[in-house]
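What follows is a set of notes on a single structure, which appears directly below.
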Amino acid sequence: GKIHPNFISYLYKVDISGFKVSIWGDNFYKDVLLDKCRDMSSVELVNFKGYSTNPQITLSSLDVFVYLLNPVHYGTAENVLLEAMSLGVVPVVMNNEAEMEIVRHGETGLIVSDENEFSDAINWLESNPKDREKMSKNAIIDIGKNYSTNKMFEDMSSYYERSIKYLKQEIDFCDAFGNDP
């Protein structure tokens with residue numbers, strides 16, 4: 001449900017022989033995605049792996065992290081993106097707010113807005129392994145610097161220190177979310 005609704009169309013646009021994306025995690029939408037692949041006569045575009053018991057080994061085996069999320073996804077901290085980048089896996093992400101906050105285009109990964117940009121990004125990464133390696137190193141450094149446990153603790157402490165100074169007030173969230181769960 002978090003994946004971009006046109007995910008398969010994005011993959012289909014890539015013109016690299018043998019191009020394939022492995023998908024780890026819940027296989028709930030596997031049949032839907034495979035049906036979309038069949039519609040394009042491209043079942044070979046995706047390889048479903050199921051759950052990984054060792055994400056570090058799984059992510060370390062990748063050169064590129066295709067992370068195309070729905071523009072209205074429910075993501076929060078994007079932990080898997082941070083984990084992939086911390087291991088030097090170069091991400092290709094959509095131009096969604098959360099991903100653009102983490103990925104620096106052309107420095108720590110690539111940000112795309114449509115199928116053509118995605119195809120161009122994948123082709124560029126394939127054709128420029130030295131630049132991809134530089135992005136990989138930049139991603140490791142950037143995530144270590146900006147998302148380490150200590151940095152996150154310091155940032156959260158700072159936010160808490162500022163927020164406890166605000167005047168306390170009751171907020172009725174029913175106006176925003178309704179009365180039912």
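In the structure tokens, chains take letters A, B, ... by order of appearance, with residues numbered from 1 within each chain and ligands from 1 in the order shown.
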
Exercise. Considering only C-alpha atoms, return as a VMD selection string whatever protein or nucleic-acid residues lie within 10 Å of Tyr10 (chain A), sequence-local ones (same chain, fewer than 5 positions apart) excluded.
Key: chain A and resid 4 to 5 68 114 to 119

Quiz item: Could you work out how far CA of Met152 (chain A) lies from CA of Lys165 (chain A), giving the answer in Å with one decimal?
Solution: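 CA of Lys165 (chain A) sits 20.5 Å away from CA of Met152 (chain A).
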
Exercise. Compile the contact shell of Glu99 (chain A) as a list in words: residues with an atom at most 9 Å away, counting only C-alpha atoms, same-chain residues fewer than 3 positions apart removed.
Key: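 Answer for this query is Glu78, Leu81, Val93, Met94, Asn95, Asn96, Ile102, Val103 and Ile111 of chain A.
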
Exercise. Write out as number ranges by chain the residues lying within 10 Å of Lys134 (chain A), counting only C-alpha atoms and excluding same-chain residues fewer than 3 positions away.
Key: A: 88, 90, 106-109, 129-131, 137-139

Quiz prompt | Nearest to Lys13 (chain A) by atom-to-atom distance, counting only C-alpha atoms, from A:Leu33, A:Ile140, A:Ile122, A:Val43 | solution =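 Nearest to Lys13 (chain A): A:Ile122.
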
Would you mind listing what lies within 10 Å of Ser22 (chain A) as a PDB file with all heavy atoms, in the first residue's frame, with only C-alpha atoms counted and same-chain residues fewer than 3 positions away left out?
ATOM      1  N   LEU A  45      10.498  -8.329 -14.390  1.00  0.00           N
ATOM      2  CA  LEU A  45      10.886  -7.055 -13.787  1.00  0.00           C
ATOM      3  C   LEU A  45      11.022  -7.122 -12.272  1.00  0.00           C
ATOM      4  O   LEU A  45      11.766  -6.346 -11.683  1.00  0.00           O
ATOM      5  CB  LEU A  45       9.861  -5.965 -14.127  1.00  0.00           C
ATOM      6  CG  LEU A  45       9.946  -5.367 -15.519  1.00  0.00           C
ATOM      7  CD1 LEU A  45       8.802  -4.390 -15.730  1.00  0.00           C
ATOM      8  CD2 LEU A  45      11.274  -4.688 -15.743  1.00  0.00           C
ATOM      9  N   VAL A  46      10.266  -8.018 -11.634  1.00  0.00           N
ATOM     10  CA  VAL A  46      10.287  -8.071 -10.177  1.00  0.00           C
ATOM     11  C   VAL A  46      10.598  -9.473  -9.678  1.00  0.00           C
ATOM     12  O   VAL A  46      10.256 -10.469 -10.304  1.00  0.00           O
ATOM     13  CB  VAL A  46       8.951  -7.582  -9.557  1.00  0.00           C
ATOM     14  CG1 VAL A  46       8.759  -6.099  -9.779  1.00  0.00           C
ATOM     15  CG2 VAL A  46       7.782  -8.353 -10.108  1.00  0.00           C
ATOM     16  N   ASN A  47      11.275  -9.517  -8.551  1.00  0.00           N
ATOM     17  CA  ASN A  47      11.636 -10.767  -7.902  1.00  0.00           C
ATOM     18  C   ASN A  47      11.243 -10.627  -6.432  1.00  0.00           C
ATOM     19  O   ASN A  47      11.829  -9.827  -5.708  1.00  0.00           O
ATOM     20  CB  ASN A  47      13.139 -10.995  -8.062  1.00  0.00           C
ATOM     21  CG  ASN A  47      13.591 -12.292  -7.462  1.00  0.00           C
ATOM     22  OD1 ASN A  47      12.788 -13.157  -7.147  1.00  0.00           O
ATOM     23  ND2 ASN A  47      14.890 -12.416  -7.283  1.00  0.00           N
ATOM     24  N   PHE A  48      10.234 -11.365  -6.002  1.00  0.00           N
ATOM     25  CA  PHE A  48       9.748 -11.262  -4.633  1.00  0.00           C
ATOM     26  C   PHE A  48      10.572 -12.157  -3.714  1.00  0.00           C
ATOM     27  O   PHE A  48      10.681 -13.349  -3.941  1.00  0.00           O
ATOM     28  CB  PHE A  48       8.263 -11.635  -4.571  1.00  0.00           C
ATOM     29  CG  PHE A  48       7.400 -10.624  -5.258  1.00  0.00           C
ATOM     30  CD1 PHE A  48       7.096 -10.754  -6.602  1.00  0.00           C
ATOM     31  CD2 PHE A  48       6.913  -9.534  -4.562  1.00  0.00           C
ATOM     32  CE1 PHE A  48       6.318  -9.814  -7.246  1.00  0.00           C
ATOM     33  CE2 PHE A  48       6.129  -8.585  -5.197  1.00  0.00           C
ATOM     34  CZ  PHE A  48       5.828  -8.721  -6.538  1.00  0.00           C
ATOM     35  N   LYS A  49      11.124 -11.557  -2.687  1.00  0.00           N
ATOM     36  CA  LYS A  49      12.019 -12.261  -1.778  1.00  0.00           C
ATOM     37  C   LYS A  49      11.385 -12.585  -0.434  1.00  0.00           C
ATOM     38  O   LYS A  49      11.951 -13.351   0.337  1.00  0.00           O
ATOM     39  CB  LYS A  49      13.275 -11.412  -1.523  1.00  0.00           C
ATOM     40  CG  LYS A  49      14.061 -11.072  -2.759  1.00  0.00           C
ATOM     41  CD  LYS A  49      14.832 -12.266  -3.210  1.00  0.00           C
ATOM     42  CE  LYS A  49      15.908 -11.848  -4.203  1.00  0.00           C
ATOM     43  NZ  LYS A  49      16.821 -12.933  -4.480  1.00  0.00           N
ATOM     44  N   GLY A  50      10.249 -11.963  -0.095  1.00  0.00           N
ATOM     45  CA  GLY A  50       9.650 -12.164   1.222  1.00  0.00           C
ATOM     46  C   GLY A  50      10.404 -11.379   2.280  1.00  0.00           C
ATOM     47  O   GLY A  50      11.129 -10.433   1.981  1.00  0.00           O
ATOM     48  N   LEU A  62      23.033  -4.783  -2.369  1.00  0.00           N
ATOM     49  CA  LEU A  62      22.501  -3.924  -3.423  1.00  0.00           C
ATOM     50  C   LEU A  62      23.463  -2.812  -3.796  1.00  0.00           C
ATOM     51  O   LEU A  62      24.223  -2.330  -2.963  1.00  0.00           O
ATOM     52  CB  LEU A  62      21.176  -3.292  -2.966  1.00  0.00           C
ATOM     53  CG  LEU A  62      20.084  -4.231  -2.482  1.00  0.00           C
ATOM     54  CD1 LEU A  62      18.906  -3.421  -1.956  1.00  0.00           C
ATOM     55  CD2 LEU A  62      19.654  -5.161  -3.584  1.00  0.00           C
ATOM     56  N   PHE A  65      19.021   1.347  -4.491  1.00  0.00           N
ATOM     57  CA  PHE A  65      17.809   1.114  -3.717  1.00  0.00           C
ATOM     58  C   PHE A  65      16.656   1.848  -4.397  1.00  0.00           C
ATOM     59  O   PHE A  65      16.537   3.068  -4.294  1.00  0.00           O
ATOM     60  CB  PHE A  65      18.019   1.623  -2.287  1.00  0.00           C
ATOM     61  CG  PHE A  65      16.907   1.301  -1.335  1.00  0.00           C
ATOM     62  CD1 PHE A  65      16.497  -0.004  -1.133  1.00  0.00           C
ATOM     63  CD2 PHE A  65      16.283   2.310  -0.623  1.00  0.00           C
ATOM     64  CE1 PHE A  65      15.482  -0.312  -0.238  1.00  0.00           C
ATOM     65  CE2 PHE A  65      15.279   2.017   0.275  1.00  0.00           C
ATOM     66  CZ  PHE A  65      14.863   0.711   0.471  1.00  0.00           C
ATOM     67  N   VAL A  66      15.838   1.106  -5.129  1.00  0.00           N
ATOM     68  CA  VAL A  66      14.675   1.681  -5.801  1.00  0.00           C
ATOM     69  C   VAL A  66      13.586   1.834  -4.746  1.00  0.00           C
ATOM     70  O   VAL A  66      13.053   0.849  -4.239  1.00  0.00           O
ATOM     71  CB  VAL A  66      14.202   0.784  -6.970  1.00  0.00           C
ATOM     72  CG1 VAL A  66      12.906   1.302  -7.562  1.00  0.00           C
ATOM     73  CG2 VAL A  66      15.297   0.688  -8.027  1.00  0.00           C
TER      74      VAL A  66
END

Quiz item: When DSSP works through the backbone of this structure, what residues of region 29-80 of chain A end up as helix (DSSP H, G or I), shown as a ChimeraX atom specification?
Solution: /A:30-39,43-45,55-60,79-80
